[in-house]
Amino acid sequence: MASVLLRNATRVGLSRRLRGGRVTAWTSDERCIMTSRARLEKVLEELQRNPYYDKYAGKIAKLQHTSPDEFLQRVEQQEKKVREKQVRHVIANQPLKSTIFPFLLKNVRSSWSQTIKRQYAKDSSQNKYITTPIFYVNAGPHIGHLYSAVLADAVARYNSMLGHKTFFATGTDEHGNKIRAAAAAAGLPNLEYCTGISQQFKEMCDRFEVDYSRFIRTTEKQHCDAVYHFWEQLDERGHIYLGKYSGWYCVSDEAFLSDTELVEQTDSTGKVVKVSAESGNPVEWTEEENYKFRLSAFQDDLKYWLKDENTVRPALYHKTLSQWVEEGACLQDLSITRIRNKVPWAMPSPCNESHSIYVWLDALVNYLTVLGYPNESYKELWPPTIQIIGKDILKFHGIYWPAFLMAAGLEPPKTLLCHAHWTVDHKKMSKSRGNVISPFEAANEYSEDGLRYFILREAVPQNDANYSSTKIVNILNSELADTLGNLVSRCAGKAVNPSKEFPDPARYWNVLRSQVADETREALKSVGEKARESYEEYNLHHVVDAVMSMLHSANKMVAYHEPWQLRKRVDDADSIEELKAVISLALESSRIGALILYPIVPRLSSGLLDFLNIPKESRTWADTAPEFFSSNSTKDRRIERNNLILFKKIRSQ
């Protein structure tokens, strides 16, 4: 709409005549004005690429109606003022502020290119780029790390079932003082220590079927090169300056904190001290010279990004982040280096080797590195479709990261999926309490499939989830062993189905005449749509609810028709017909349930689909519809074998 307005303003409001490469423009008061056609077209082209084009199109068109030359002169004067201001402000160590048409600034532009055009040209793309946060290697994995990883994997697998090309990235963050301290405590060189812990996170991914496309380590040379290139982009665009910083620094969190992010506590000596409100870790007053990023210039851009409520999910975190941006407390210019002798285990700053790059700037660039940045190939998948993070790092991913990207001329993520934390028996996990849950140890008790199922079934993104051994056993036995496992074994065992049949669902769909059969058929018709809505909302617990409700109906149907009794009446054609209908409806329920649960428990679901002899090409989301409605319905199948133990029941301790 804006481009049409501006073109019309140029074409209709200004009668053009070409004279030797110049444009003659006649204004409404018949004044003849000469201007450079190339210059005018260049400015207009620059404007049309800008995300704030719509916002200023009316003013620009009005100014053009008055005078194209005056319009161009104002642009040139503004750019000249910006260059002069930039020099003065760098000397004064103050952030640069823009005035008229802020998006016209060439070297210190606070907006990012072509963002407006994503509403939503790329949303129909078949490419989906999904990330976890990269995991900090100051310690090995716990169930909070596992939750982030399997949640991202489930989202990626669901998108793959829809036919999208997915790229899924995870990895480890390996710089900073906490890692240096952990390596020293372990008696290992820094890099050797990082390699060992990083391998544990890889093992976690492998054991729990986290099927990543790329596992990155921030100590890789490729990543270092990407960070330096990204820094250069920020620097060339005028977003970095050298300044003095005084403030409260949290050594444990490796972050400067504002007054609103601090609380006072009394320590063991009775002294009142300031600590981080988020982590509870102590802070210390620090004064030093740092290179700083002009974060304060991006408040309006961040507000614009957050206008779309889907930018941050669930809504609770969108509201929280929007309040932070509106209040501006988190938007002070950000120190993006530290004095190197204070943080030696970090990347040196490219402009001054006596400084180290802020570990969060280093870490966040990993989402570009994994795509090959700065090689142009990264653009095929950029921007990220869904970035999964924990609520403790919302500020870094919801303020710093999009601002960095905007400053570099890149589009921010489409969606940040923020989740809450895990408690253990309703208590916060901590080393001091000794209640940190290792996913490896837990899997030894409940199996990898069982633990993955429980974590995704139990967690609700906006609320802290509770890890309870009693609850795990009850859920896994009730749902995987009894509800799903028994349904399959009842209709696939030798006593009921010795010939290992999976009768054609289309043929036997309407044979059974009972209320419980009607309920099962209705559940099968609706479960796919219900589950899809819940996947789209990232409510995986509701996906499981829908599947379990459908499977309960199927179990009630089996109990009512008693196939083990029908099998005894082999000479009665009606009984055999009814028996095949029961088996068909029960196994069709199992097939659909396995497909819907595949993103949540891929190994278990794949095993069940293999058992039911479902071809690999028939495991898409479209196949979650009952085969009764499919024009490609198969004939009778043969199941792989009798007496499948889908999930072994767990004995209570």
# chains A, B, ... in the order shown; residues from 1 in each chain; ligands from 1
$ select_by_dssp --residues "range 146-313 of chain A" --states "helix (DSSP H, G or I)" --output "MDAnalysis selection string"
chainID A and resid 146:161 177:186 190:207 221:236 259:261 295:305 309:311
$ residues_around --residues "Val275 in chain A" --least-positions-apart "2" --cutoff "12 Å" --atoms "only C-alpha atoms" --output "MDAnalysis selection string"
chainID A and resid 248:253 256:267 272:273 277:285
$ closest_residue --among "A:Asn539, A:Ile386, A:Phe208, A:Phe628" --to "Ala443 in chain A" --atoms "only C-alpha atoms"
A:Phe208
$ select_by_dssp --residues "range 405-469 of chain A" --states "strand (DSSP E)" --output "list in words"
Leu416, Leu417, Cys418, His419, Trp422, Thr423, Val424, Lys427, Lys428, Ala465, Asn466 and Tyr467 of chain A
$ residues_around --residues "Leu416 in chain A" --least-positions-apart "4" --cutoff "8 Å" --atoms "only C-alpha atoms" --output "list in words"
Thr311, Val312, Arg313, Ile386, Gln387, Ile388, Ile389, His397 and Gly398 of chain A
$ write_last_selection --atoms "C-alpha atoms" --output "compact mmCIF listing (two decimals), in the first residue's frame"
# COMPACT_ATOMS: atom_id res chain seq x y z
CA THR A 311 6.46 -13.13 18.34
CA VAL A 312 6.75 -14.49 21.88
CA ARG A 313 4.76 -17.47 23.15
CA ILE A 386 10.93 -21.00 16.34
CA GLN A 387 13.62 -20.41 18.95
CA ILE A 388 13.01 -22.37 22.15
CA ILE A 389 14.37 -20.81 25.33
CA HIS A 397 16.80 -13.52 23.44
CA GLY A 398 13.89 -11.08 23.51
$ residues_around --residues "Pro402 in chain A" --least-positions-apart "6" --cutoff "8 Å" --atoms "only C-alpha atoms" --output "compact mmCIF listing (two decimals) with N, CA, C and O atoms, in the first residue's frame"
# COMPACT_ATOMS: atom_id res chain seq x y z
N LEU A 302 11.92 -2.53 18.73
CA LEU A 302 11.50 -3.69 19.52
C LEU A 302 10.00 -3.67 19.76
O LEU A 302 9.34 -4.72 19.71
N GLU A 411 16.66 -9.82 9.89
CA GLU A 411 15.32 -9.98 10.47
C GLU A 411 15.37 -10.79 11.76
O GLU A 411 16.05 -11.81 11.84
N PRO A 412 14.65 -10.36 12.79
CA PRO A 412 14.61 -11.10 14.05
C PRO A 412 13.82 -12.40 13.91
O PRO A 412 13.14 -12.62 12.90
N PRO A 413 13.88 -13.26 14.92
CA PRO A 413 13.13 -14.52 14.88
C PRO A 413 11.63 -14.28 14.72
O PRO A 413 11.10 -13.27 15.19
$ residues_around --residues "range 569-585 of chain A" --least-positions-apart "6" --cutoff "9 Å" --atoms "only C-alpha atoms" --output "NGL selection string"
:A and (490-492 or 496-497 or 501-505 or 507-512 or 517 or 520-521 or 554 or 557-558 or 561-563)
$ write_last_selection --atoms "N, CA and C atoms" --output "PDB file, in the first residue's frame"
ATOM      1  N   ARG A 490      -4.183 -56.647  23.348  1.00  0.00           N
ATOM      2  CA  ARG A 490      -5.474 -57.335  23.387  1.00  0.00           C
ATOM      3  C   ARG A 490      -5.916 -57.793  21.998  1.00  0.00           C
ATOM      4  N   CYS A 491      -5.577 -56.997  20.980  1.00  0.00           N
ATOM      5  CA  CYS A 491      -6.068 -57.304  19.639  1.00  0.00           C
ATOM      6  C   CYS A 491      -4.989 -57.839  18.708  1.00  0.00           C
ATOM      7  N   ALA A 492      -3.759 -57.984  19.224  1.00  0.00           N
ATOM      8  CA  ALA A 492      -2.679 -58.530  18.396  1.00  0.00           C
ATOM      9  C   ALA A 492      -2.136 -59.826  18.964  1.00  0.00           C
ATOM     10  N   VAL A 496      -6.478 -63.848  20.466  1.00  0.00           N
ATOM     11  CA  VAL A 496      -7.524 -63.146  19.714  1.00  0.00           C
ATOM     12  C   VAL A 496      -7.197 -63.075  18.228  1.00  0.00           C
ATOM     13  N   ASN A 497      -5.912 -62.959  17.899  1.00  0.00           N
ATOM     14  CA  ASN A 497      -5.526 -62.702  16.517  1.00  0.00           C
ATOM     15  C   ASN A 497      -4.351 -63.595  16.111  1.00  0.00           C
ATOM     16  N   GLU A 501      -3.656 -60.534  11.740  1.00  0.00           N
ATOM     17  CA  GLU A 501      -4.365 -59.692  10.771  1.00  0.00           C
ATOM     18  C   GLU A 501      -4.484 -58.249  11.270  1.00  0.00           C
ATOM     19  N   PHE A 502      -4.487 -57.314  10.317  1.00  0.00           N
ATOM     20  CA  PHE A 502      -4.914 -55.935  10.555  1.00  0.00           C
ATOM     21  C   PHE A 502      -5.977 -55.677   9.483  1.00  0.00           C
ATOM     22  N   PRO A 503      -7.233 -56.064   9.780  1.00  0.00           N
ATOM     23  CA  PRO A 503      -8.291 -55.966   8.773  1.00  0.00           C
ATOM     24  C   PRO A 503      -8.456 -54.541   8.261  1.00  0.00           C
ATOM     25  N   ASP A 504      -8.803 -54.421   6.985  1.00  0.00           N
ATOM     26  CA  ASP A 504      -8.931 -53.136   6.302  1.00  0.00           C
ATOM     27  C   ASP A 504      -9.923 -52.230   7.045  1.00  0.00           C
ATOM     28  N   PRO A 505      -9.479 -51.088   7.595  1.00  0.00           N
ATOM     29  CA  PRO A 505     -10.379 -50.205   8.340  1.00  0.00           C
ATOM     30  C   PRO A 505     -11.538 -49.673   7.504  1.00  0.00           C
ATOM     31  N   ARG A 507     -13.181 -51.198   5.171  1.00  0.00           N
ATOM     32  CA  ARG A 507     -14.194 -52.250   5.004  1.00  0.00           C
ATOM     33  C   ARG A 507     -14.982 -52.480   6.285  1.00  0.00           C
ATOM     34  N   TYR A 508     -14.313 -52.407   7.431  1.00  0.00           N
ATOM     35  CA  TYR A 508     -14.959 -52.773   8.701  1.00  0.00           C
ATOM     36  C   TYR A 508     -15.361 -51.558   9.554  1.00  0.00           C
ATOM     37  N   TRP A 509     -15.277 -50.377   8.983  1.00  0.00           N
ATOM     38  CA  TRP A 509     -15.513 -49.147   9.744  1.00  0.00           C
ATOM     39  C   TRP A 509     -16.877 -49.111  10.420  1.00  0.00           C
ATOM     40  N   ASN A 510     -17.925 -49.460   9.695  1.00  0.00           N
ATOM     41  CA  ASN A 510     -19.290 -49.321  10.218  1.00  0.00           C
ATOM     42  C   ASN A 510     -19.946 -50.643  10.612  1.00  0.00           C
ATOM     43  N   VAL A 511     -19.164 -51.688  10.775  1.00  0.00           N
ATOM     44  CA  VAL A 511     -19.748 -53.000  11.108  1.00  0.00           C
ATOM     45  C   VAL A 511     -20.316 -53.016  12.523  1.00  0.00           C
ATOM     46  N   LEU A 512     -19.592 -52.465  13.473  1.00  0.00           N
ATOM     47  CA  LEU A 512     -20.011 -52.538  14.880  1.00  0.00           C
ATOM     48  C   LEU A 512     -21.159 -51.574  15.149  1.00  0.00           C
ATOM     49  N   ALA A 517     -18.722 -48.152  20.135  1.00  0.00           N
ATOM     50  CA  ALA A 517     -18.085 -48.130  18.813  1.00  0.00           C
ATOM     51  C   ALA A 517     -18.294 -46.776  18.145  1.00  0.00           C
ATOM     52  N   THR A 520     -15.933 -44.368  19.650  1.00  0.00           N
ATOM     53  CA  THR A 520     -14.574 -44.577  19.145  1.00  0.00           C
ATOM     54  C   THR A 520     -14.408 -43.978  17.759  1.00  0.00           C
ATOM     55  N   ARG A 521     -15.401 -44.201  16.901  1.00  0.00           N
ATOM     56  CA  ARG A 521     -15.323 -43.639  15.545  1.00  0.00           C
ATOM     57  C   ARG A 521     -15.296 -42.107  15.583  1.00  0.00           C
ATOM     58  N   ALA A 554     -11.364 -46.501  22.606  1.00  0.00           N
ATOM     59  CA  ALA A 554     -11.081 -47.753  21.905  1.00  0.00           C
ATOM     60  C   ALA A 554     -11.013 -48.933  22.880  1.00  0.00           C
ATOM     61  N   MET A 557     -14.445 -49.918  23.846  1.00  0.00           N
ATOM     62  CA  MET A 557     -15.063 -50.653  22.742  1.00  0.00           C
ATOM     63  C   MET A 557     -14.619 -52.113  22.757  1.00  0.00           C
ATOM     64  N   VAL A 558     -13.331 -52.343  22.969  1.00  0.00           N
ATOM     65  CA  VAL A 558     -12.820 -53.719  23.005  1.00  0.00           C
ATOM     66  C   VAL A 558     -13.426 -54.481  24.182  1.00  0.00           C
ATOM     67  N   HIS A 561     -17.130 -55.470  23.396  1.00  0.00           N
ATOM     68  CA  HIS A 561     -17.383 -56.494  22.361  1.00  0.00           C
ATOM     69  C   HIS A 561     -16.658 -57.816  22.644  1.00  0.00           C
ATOM     70  N   GLU A 562     -15.738 -57.826  23.609  1.00  0.00           N
ATOM     71  CA  GLU A 562     -15.074 -59.047  24.060  1.00  0.00           C
ATOM     72  C   GLU A 562     -14.572 -59.925  22.902  1.00  0.00           C
ATOM     73  N   PRO A 563     -13.558 -59.499  22.197  1.00  0.00           N
ATOM     74  CA  PRO A 563     -13.069 -60.267  21.049  1.00  0.00           C
ATOM     75  C   PRO A 563     -12.574 -61.667  21.421  1.00  0.00           C
TER      76      PRO A 563
END
$ closest_atom_pairs --of "range 313-378 of chain A" --to "range 453-471 of chain A" --cutoff "10 Å" --atoms "only C-alpha atoms" --output "JSON lines"
{"residue": "A:Arg313", "atom": "CA", "partner": "A:Pro461", "partner_atom": "CA", "distance": 8.6}
{"residue": "A:Pro314", "atom": "CA", "partner": "A:Gln462", "partner_atom": "CA", "distance": 6.4}
{"residue": "A:Ala315", "atom": "CA", "partner": "A:Gln462", "partner_atom": "CA", "distance": 8.5}
{"residue": "A:Leu316", "atom": "CA", "partner": "A:Gln462", "partner_atom": "CA", "distance": 6.9}
{"residue": "A:Tyr317", "atom": "CA", "partner": "A:Gln462", "partner_atom": "CA", "distance": 7.8}
$ write_last_selection --atoms "C-alpha atoms" --output "compact mmCIF listing (two decimals), in the first residue's frame"
# COMPACT_ATOMS: atom_id res chain seq x y z
CA ARG A 313 4.76 -17.47 23.15
CA PRO A 314 3.01 -18.16 25.48
CA ALA A 315 1.16 -14.85 25.93
CA LEU A 316 2.42 -14.51 29.51
CA TYR A 317 5.99 -14.03 28.31
$ residues_around --residues "Ala523 in chain A" --least-positions-apart "2" --cutoff "12 Å" --atoms "only C-alpha atoms" --output "CSV table (one decimal) with N, CA, C and O atoms, in the first residue's frame"
chain,number,residue,atom,x,y,z
A,516,VAL,N,-20.4,-47.6,22.2
A,516,VAL,CA,-19.0,-47.4,22.4
A,516,VAL,C,-18.2,-47.4,21.1
A,516,VAL,O,-17.2,-46.7,21.0
A,517,ALA,N,-18.7,-48.2,20.1
A,517,ALA,CA,-18.1,-48.1,18.8
A,517,ALA,C,-18.3,-46.8,18.1
A,517,ALA,O,-17.4,-46.2,17.5
A,518,ASP,N,-19.5,-46.2,18.3
A,518,ASP,CA,-19.8,-44.9,17.8
A,518,ASP,C,-18.9,-43.8,18.4
A,518,ASP,O,-18.3,-43.0,17.7
A,519,GLU,N,-18.7,-44.0,19.7
A,519,GLU,CA,-17.8,-43.0,20.4
A,519,GLU,C,-16.4,-43.1,19.9
A,519,GLU,O,-15.7,-42.1,19.8
A,520,THR,N,-15.9,-44.4,19.6
A,520,THR,CA,-14.6,-44.6,19.1
A,520,THR,C,-14.4,-44.0,17.8
A,520,THR,O,-13.4,-43.3,17.5
A,521,ARG,N,-15.4,-44.2,16.9
A,521,ARG,CA,-15.3,-43.6,15.5
A,521,ARG,C,-15.3,-42.1,15.6
A,521,ARG,O,-14.5,-41.5,14.8
A,525,LYS,N,-12.3,-39.6,14.3
A,525,LYS,CA,-12.5,-38.5,13.3
A,525,LYS,C,-11.9,-37.2,13.7
A,525,LYS,O,-11.4,-36.4,12.9
A,526,SER,N,-12.0,-36.9,15.0
A,526,SER,CA,-11.6,-35.6,15.5
A,526,SER,C,-10.3,-35.5,16.1
A,526,SER,O,-9.7,-34.4,16.3
A,527,VAL,N,-9.6,-36.6,16.5
A,527,VAL,CA,-8.4,-36.5,17.3
A,527,VAL,C,-7.3,-35.8,16.5
A,527,VAL,O,-6.5,-35.1,17.1
A,528,GLY,N,-7.2,-36.0,15.2
A,528,GLY,CA,-6.1,-35.4,14.4
A,528,GLY,C,-6.2,-33.9,14.5
A,528,GLY,O,-5.2,-33.2,14.7
A,529,GLU,N,-7.4,-33.4,14.3
A,529,GLU,CA,-7.5,-31.9,14.3
A,529,GLU,C,-7.3,-31.3,15.7
A,529,GLU,O,-6.6,-30.3,15.8
A,530,LYS,N,-7.8,-32.0,16.7
A,530,LYS,CA,-7.5,-31.5,18.1
A,530,LYS,C,-6.0,-31.5,18.3
A,530,LYS,O,-5.5,-30.5,18.9
A,531,ALA,N,-5.4,-32.6,18.0
A,531,ALA,CA,-3.9,-32.7,18.2
A,531,ALA,C,-3.1,-31.6,17.4
A,531,ALA,O,-2.2,-31.0,18.0
A,546,ALA,N,-5.6,-35.6,24.1
A,546,ALA,CA,-6.5,-35.9,23.0
A,546,ALA,C,-6.3,-37.4,22.6
A,546,ALA,O,-7.3,-38.1,22.3
A,547,VAL,N,-5.0,-37.8,22.5
A,547,VAL,CA,-4.7,-39.2,22.1
A,547,VAL,C,-5.2,-40.2,23.2
A,547,VAL,O,-5.9,-41.2,22.9
A,548,MET,N,-5.0,-39.9,24.4
A,548,MET,CA,-5.4,-40.8,25.5
A,548,MET,C,-6.9,-40.9,25.6
A,548,MET,O,-7.5,-42.0,25.8
A,549,SER,N,-7.6,-39.8,25.4
A,549,SER,CA,-9.1,-39.9,25.3
A,549,SER,C,-9.6,-40.8,24.2
A,549,SER,O,-10.5,-41.6,24.4
A,550,MET,N,-9.0,-40.7,23.1
A,550,MET,CA,-9.3,-41.6,21.9
A,550,MET,C,-9.0,-43.0,22.3
A,550,MET,O,-9.8,-43.9,22.0
A,551,LEU,N,-7.9,-43.3,22.9
A,551,LEU,CA,-7.5,-44.6,23.2
A,551,LEU,C,-8.4,-45.2,24.3
A,551,LEU,O,-8.7,-46.4,24.3
A,552,HIS,N,-8.8,-44.4,25.2
A,552,HIS,CA,-9.7,-44.9,26.3
A,552,HIS,C,-11.0,-45.4,25.6
A,552,HIS,O,-11.6,-46.4,26.0
A,553,SER,N,-11.5,-44.6,24.6
A,553,SER,CA,-12.7,-45.0,23.9
A,553,SER,C,-12.5,-46.3,23.2
A,553,SER,O,-13.4,-47.2,23.3
A,554,ALA,N,-11.4,-46.5,22.6
A,554,ALA,CA,-11.1,-47.8,21.9
A,554,ALA,C,-11.0,-48.9,22.9
A,554,ALA,O,-11.5,-50.0,22.6
A,557,MET,N,-14.4,-49.9,23.8
A,557,MET,CA,-15.1,-50.7,22.7
A,557,MET,C,-14.6,-52.1,22.8
A,557,MET,O,-15.4,-53.0,22.6
A,585,LEU,N,-10.8,-51.7,14.3
A,585,LEU,CA,-11.0,-50.4,14.9
A,585,LEU,C,-10.0,-50.2,16.0
A,585,LEU,O,-9.5,-49.0,16.2
A,588,GLU,N,-6.6,-49.6,14.2
A,588,GLU,CA,-6.6,-48.2,13.6
A,588,GLU,C,-6.4,-47.1,14.6
A,588,GLU,O,-5.8,-46.1,14.4
A,589,SER,N,-7.0,-47.3,15.8
A,589,SER,CA,-6.8,-46.4,16.9
A,589,SER,C,-5.4,-46.3,17.3
A,589,SER,O,-4.8,-45.2,17.6
A,592,ILE,N,-3.3,-44.4,14.5
A,592,ILE,CA,-3.4,-43.0,14.6
A,592,ILE,C,-2.8,-42.4,15.8
A,592,ILE,O,-2.1,-41.4,15.8
A,593,GLY,N,-3.0,-43.1,16.9
A,593,GLY,CA,-2.3,-42.7,18.2
A,593,GLY,C,-0.8,-42.6,18.0
A,593,GLY,O,-0.1,-41.7,18.5
A,625,ALA,N,-5.6,-39.0,9.6
A,625,ALA,CA,-7.1,-39.2,9.3
A,625,ALA,C,-7.4,-40.7,9.2
A,625,ALA,O,-6.5,-41.5,8.7
A,626,PRO,N,-8.5,-41.1,9.7
A,626,PRO,CA,-8.9,-42.6,9.6
A,626,PRO,C,-8.9,-43.0,8.2
A,626,PRO,O,-9.3,-42.3,7.3
$ residues_around --residues "range 643-645 of chain A" --least-positions-apart "4" --cutoff "7 Å" --atoms "only C-alpha atoms" --output "VMD selection string"
chain A and resid 485 489 492 to 493
$ atom_distance --atom1 "CA of Ser335 in chain A" --atom2 "CA of Glu236 in chain A"
17.4 Å
$ closest_residue --among "A:Asp211, A:Glu287, A:Glu448, A:Glu441" --to "His142 in chain A" --atoms "only C-alpha atoms"
A:Glu441
